[in-house]
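One structure below.
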Amino acid sequence: MVKKGEWVRIHKIILKPEERAPQVPEDTKKVPLEMWVKGFLDADAEIGSEVSITTVTGRKETGELTEVNPCYDHSFGKFIPEFLAIDKQVRGMLFGGDE
């Protein structure tokens with residue numbers, strides 16, 4: 001049971017694939033437009049249930065409760081060795097070097 005007032009993340013389908021705008025790219029038209037929002041839970045609930053939350057800006061949203069105490073888990077991708085060589089070249093051009 002997740003208690004009222006806990007920091008949570010919800011998920012909601014905004015548009016089904018068939019509701020997408022005709023001008024969007026073909027690969028985009030094949031998937032739904034989804035929303036994930038974080039906020040404070042308005043009432044006790046279970047993961048997977050439809051809930052209401054209040055965001056830090058005071059906006060009310062509804063959706064499926066997916067996570068409690070969500071954290072940032074994005075990255076800038078995997079290590080790419082070529083970037084080290086590019087970094088060295090750029091620093092040499094900008095800040096001096098042999099050439």
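Starting from 1 in every chain, residues are counted up; chains themselves are A, B, ... following the order of the structure tokens, and ligands are numbered from 1 as listed.
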Would you mind listing, for every residue of region 61-94 of chain A within 10 Å of region 15-39 of chain A, the two atoms forming the shortest contact and the distance between them in Å to one decimal, using only C-alpha atoms, sorted by chain and ascending residue number, as a tab-separated table?
```
residue	atom	partner	partner_atom	distance
A:Glu61	CA	A:Val37	CA	7.9
A:Thr62	CA	A:Val37	CA	9.1
A:Gly63	CA	A:Trp36	CA	8.5
A:Glu64	CA	A:Trp36	CA	9.4
A:Leu65	CA	A:Trp36	CA	9.8
A:Thr66	CA	A:Trp36	CA	9.1
A:Glu67	CA	A:Lys38	CA	9.1
A:Val68	CA	A:Lys38	CA	9.4
A:Asn69	CA	A:Lys38	CA	9.0
A:Pro70	CA	A:Lys38	CA	7.7
A:Cys71	CA	A:Lys38	CA	9.9
```
Take the selection from the previous step and output its residues with N, CA, C and O atoms, as a PDB file, in the first residue's frame.
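Contents of the output file selection-v3.pdb:
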```pdb
ATOM      1  N   GLU A  61      -3.237  15.544 -11.786  1.00  0.00           N
ATOM      2  CA  GLU A  61      -3.157  14.606 -12.903  1.00  0.00           C
ATOM      3  C   GLU A  61      -3.647  13.251 -12.433  1.00  0.00           C
ATOM      4  O   GLU A  61      -3.562  12.933 -11.243  1.00  0.00           O
ATOM      5  N   THR A  62      -4.118  12.448 -13.374  1.00  0.00           N
ATOM      6  CA  THR A  62      -4.526  11.076 -13.067  1.00  0.00           C
ATOM      7  C   THR A  62      -3.762  10.130 -13.976  1.00  0.00           C
ATOM      8  O   THR A  62      -3.333  10.521 -15.066  1.00  0.00           O
ATOM      9  N   GLY A  63      -3.587   8.908 -13.511  1.00  0.00           N
ATOM     10  CA  GLY A  63      -2.910   7.903 -14.314  1.00  0.00           C
ATOM     11  C   GLY A  63      -2.661   6.660 -13.492  1.00  0.00           C
ATOM     12  O   GLY A  63      -3.066   6.571 -12.326  1.00  0.00           O
ATOM     13  N   GLU A  64      -1.959   5.702 -14.090  1.00  0.00           N
ATOM     14  CA  GLU A  64      -1.633   4.452 -13.407  1.00  0.00           C
ATOM     15  C   GLU A  64      -0.404   4.658 -12.526  1.00  0.00           C
ATOM     16  O   GLU A  64       0.631   5.140 -12.992  1.00  0.00           O
ATOM     17  N   LEU A  65      -0.523   4.300 -11.271  1.00  0.00           N
ATOM     18  CA  LEU A  65       0.588   4.420 -10.331  1.00  0.00           C
ATOM     19  C   LEU A  65       1.660   3.398 -10.702  1.00  0.00           C
ATOM     20  O   LEU A  65       1.405   2.201 -10.713  1.00  0.00           O
ATOM     21  N   THR A  66       2.866   3.890 -11.033  1.00  0.00           N
ATOM     22  CA  THR A  66       3.928   2.998 -11.500  1.00  0.00           C
ATOM     23  C   THR A  66       5.119   2.897 -10.561  1.00  0.00           C
ATOM     24  O   THR A  66       5.834   1.896 -10.590  1.00  0.00           O
ATOM     25  N   GLU A  67       5.362   3.920  -9.738  1.00  0.00           N
ATOM     26  CA  GLU A  67       6.594   3.921  -8.950  1.00  0.00           C
ATOM     27  C   GLU A  67       6.466   4.825  -7.730  1.00  0.00           C
ATOM     28  O   GLU A  67       5.818   5.865  -7.788  1.00  0.00           O
ATOM     29  N   VAL A  68       7.109   4.417  -6.649  1.00  0.00           N
ATOM     30  CA  VAL A  68       7.173   5.223  -5.429  1.00  0.00           C
ATOM     31  C   VAL A  68       8.596   5.760  -5.293  1.00  0.00           C
ATOM     32  O   VAL A  68       9.560   5.044  -5.553  1.00  0.00           O
ATOM     33  N   ASN A  69       8.719   7.001  -4.908  1.00  0.00           N
ATOM     34  CA  ASN A  69      10.017   7.671  -4.771  1.00  0.00           C
ATOM     35  C   ASN A  69      10.884   7.513  -6.025  1.00  0.00           C
ATOM     36  O   ASN A  69      12.017   7.035  -5.962  1.00  0.00           O
ATOM     37  N   PRO A  70      10.361   7.942  -7.187  1.00  0.00           N
ATOM     38  CA  PRO A  70      11.123   7.797  -8.433  1.00  0.00           C
ATOM     39  C   PRO A  70      12.380   8.668  -8.399  1.00  0.00           C
ATOM     40  O   PRO A  70      12.397   9.739  -7.788  1.00  0.00           O
ATOM     41  N   CYS A  71      13.413   8.176  -9.050  1.00  0.00           N
ATOM     42  CA  CYS A  71      14.647   8.956  -9.138  1.00  0.00           C
ATOM     43  C   CYS A  71      14.962   9.190 -10.615  1.00  0.00           C
ATOM     44  O   CYS A  71      14.368   8.589 -11.494  1.00  0.00           O
TER      45      CYS A  71
END
```
Could you please write out, as a ChimeraX atom specification, every residue of chain A that DSSP assigns to strand (DSSP E)? /A:7-15,33-41,50-54,60-68
Residues from last step as file, N, CA and C atoms, as a CSV table (one decimal), in the first residue's frame:
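Output file selection13.csv follows:
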```
chain,number,residue,atom,x,y,z
A,7,TRP,N,5.7,10.6,-2.7
A,7,TRP,CA,6.2,11.1,-4.0
A,7,TRP,C,6.2,9.9,-4.9
A,8,VAL,N,5.4,10.0,-6.0
A,8,VAL,CA,5.2,8.9,-6.9
A,8,VAL,C,5.3,9.3,-8.4
A,9,ARG,N,5.3,8.3,-9.3
A,9,ARG,CA,5.2,8.6,-10.7
A,9,ARG,C,4.0,7.9,-11.3
A,10,ILE,N,3.3,8.5,-12.2
A,10,ILE,CA,2.2,7.9,-12.8
A,10,ILE,C,2.4,7.9,-14.3
A,11,HIS,N,1.7,7.0,-15.0
A,11,HIS,CA,1.8,6.8,-16.5
A,11,HIS,C,0.4,6.9,-17.0
A,12,LYS,N,0.3,7.6,-18.2
A,12,LYS,CA,-1.0,7.8,-18.8
A,12,LYS,C,-0.8,7.8,-20.3
A,13,ILE,N,-1.8,7.2,-21.1
A,13,ILE,CA,-1.8,7.2,-22.5
A,13,ILE,C,-2.6,8.5,-22.9
A,14,ILE,N,-2.0,9.4,-23.6
A,14,ILE,CA,-2.6,10.7,-24.0
A,14,ILE,C,-3.4,10.5,-25.3
A,15,LEU,N,-2.7,9.9,-26.3
A,15,LEU,CA,-3.4,9.6,-27.6
A,15,LEU,C,-3.0,8.1,-28.0
A,33,LEU,N,1.0,8.2,-27.7
A,33,LEU,CA,1.6,9.4,-27.0
A,33,LEU,C,1.4,9.1,-25.6
A,34,GLU,N,2.5,9.0,-24.8
A,34,GLU,CA,2.5,8.6,-23.4
A,34,GLU,C,3.0,9.8,-22.6
A,35,MET,N,2.5,9.8,-21.3
A,35,MET,CA,2.9,10.8,-20.3
A,35,MET,C,3.3,10.1,-19.0
A,36,TRP,N,4.4,10.5,-18.5
A,36,TRP,CA,4.8,10.1,-17.1
A,36,TRP,C,5.0,11.4,-16.3
A,37,VAL,N,4.4,11.4,-15.1
A,37,VAL,CA,4.4,12.6,-14.3
A,37,VAL,C,4.7,12.2,-12.9
A,38,LYS,N,5.4,13.1,-12.2
A,38,LYS,CA,5.7,12.8,-10.8
A,38,LYS,C,4.9,13.8,-9.9
A,39,GLY,N,4.5,13.4,-8.7
A,39,GLY,CA,3.8,14.2,-7.8
A,39,GLY,C,3.5,13.5,-6.5
A,40,PHE,N,2.7,14.2,-5.7
A,40,PHE,CA,2.3,13.6,-4.4
A,40,PHE,C,0.9,12.9,-4.5
A,41,LEU,N,0.9,11.7,-4.0
A,41,LEU,CA,-0.3,10.9,-4.1
A,41,LEU,C,-1.4,11.5,-3.3
A,50,GLU,N,-5.4,3.1,-10.7
A,50,GLU,CA,-5.6,4.5,-11.3
A,50,GLU,C,-5.7,5.4,-10.1
A,51,VAL,N,-4.8,6.5,-10.2
A,51,VAL,CA,-4.7,7.4,-9.0
A,51,VAL,C,-4.7,8.8,-9.5
A,52,SER,N,-4.8,9.7,-8.5
A,52,SER,CA,-4.7,11.1,-8.7
A,52,SER,C,-3.5,11.6,-7.9
A,53,ILE,N,-2.8,12.5,-8.6
A,53,ILE,CA,-1.6,13.1,-7.9
A,53,ILE,C,-1.7,14.7,-8.0
A,54,THR,N,-0.9,15.3,-7.1
A,54,THR,CA,-0.7,16.8,-7.2
A,54,THR,C,0.7,17.0,-7.5
A,60,LYS,N,-3.2,19.0,-11.0
A,60,LYS,CA,-3.8,17.6,-10.7
A,60,LYS,C,-3.7,16.8,-11.9
A,61,GLU,N,-3.2,15.5,-11.8
A,61,GLU,CA,-3.2,14.6,-12.9
A,61,GLU,C,-3.6,13.3,-12.4
A,62,THR,N,-4.1,12.4,-13.4
A,62,THR,CA,-4.5,11.1,-13.1
A,62,THR,C,-3.8,10.1,-14.0
A,63,GLY,N,-3.6,8.9,-13.5
A,63,GLY,CA,-2.9,7.9,-14.3
A,63,GLY,C,-2.7,6.7,-13.5
A,64,GLU,N,-2.0,5.7,-14.1
A,64,GLU,CA,-1.6,4.5,-13.4
A,64,GLU,C,-0.4,4.7,-12.5
A,65,LEU,N,-0.5,4.3,-11.3
A,65,LEU,CA,0.6,4.4,-10.3
A,65,LEU,C,1.7,3.4,-10.7
A,66,THR,N,2.9,3.9,-11.0
A,66,THR,CA,3.9,3.0,-11.5
A,66,THR,C,5.1,2.9,-10.6
A,67,GLU,N,5.4,3.9,-9.7
A,67,GLU,CA,6.6,3.9,-9.0
A,67,GLU,C,6.5,4.8,-7.7
A,68,VAL,N,7.1,4.4,-6.6
A,68,VAL,CA,7.2,5.2,-5.4
A,68,VAL,C,8.6,5.8,-5.3
```
For a test of reading the model, state the distance in Å between CA of Met1 (chain A) and CA of Asp44 (chain A), rounded to one decimal. 6.8 Å
Using only C-alpha atoms, determine which residues lie at most 7 Å from Ala43 (chain A), disregarding the query and same-chain residues fewer than 2 positions distant; provide the list as a ChimeraX atom specification. /A:3-4,41,45
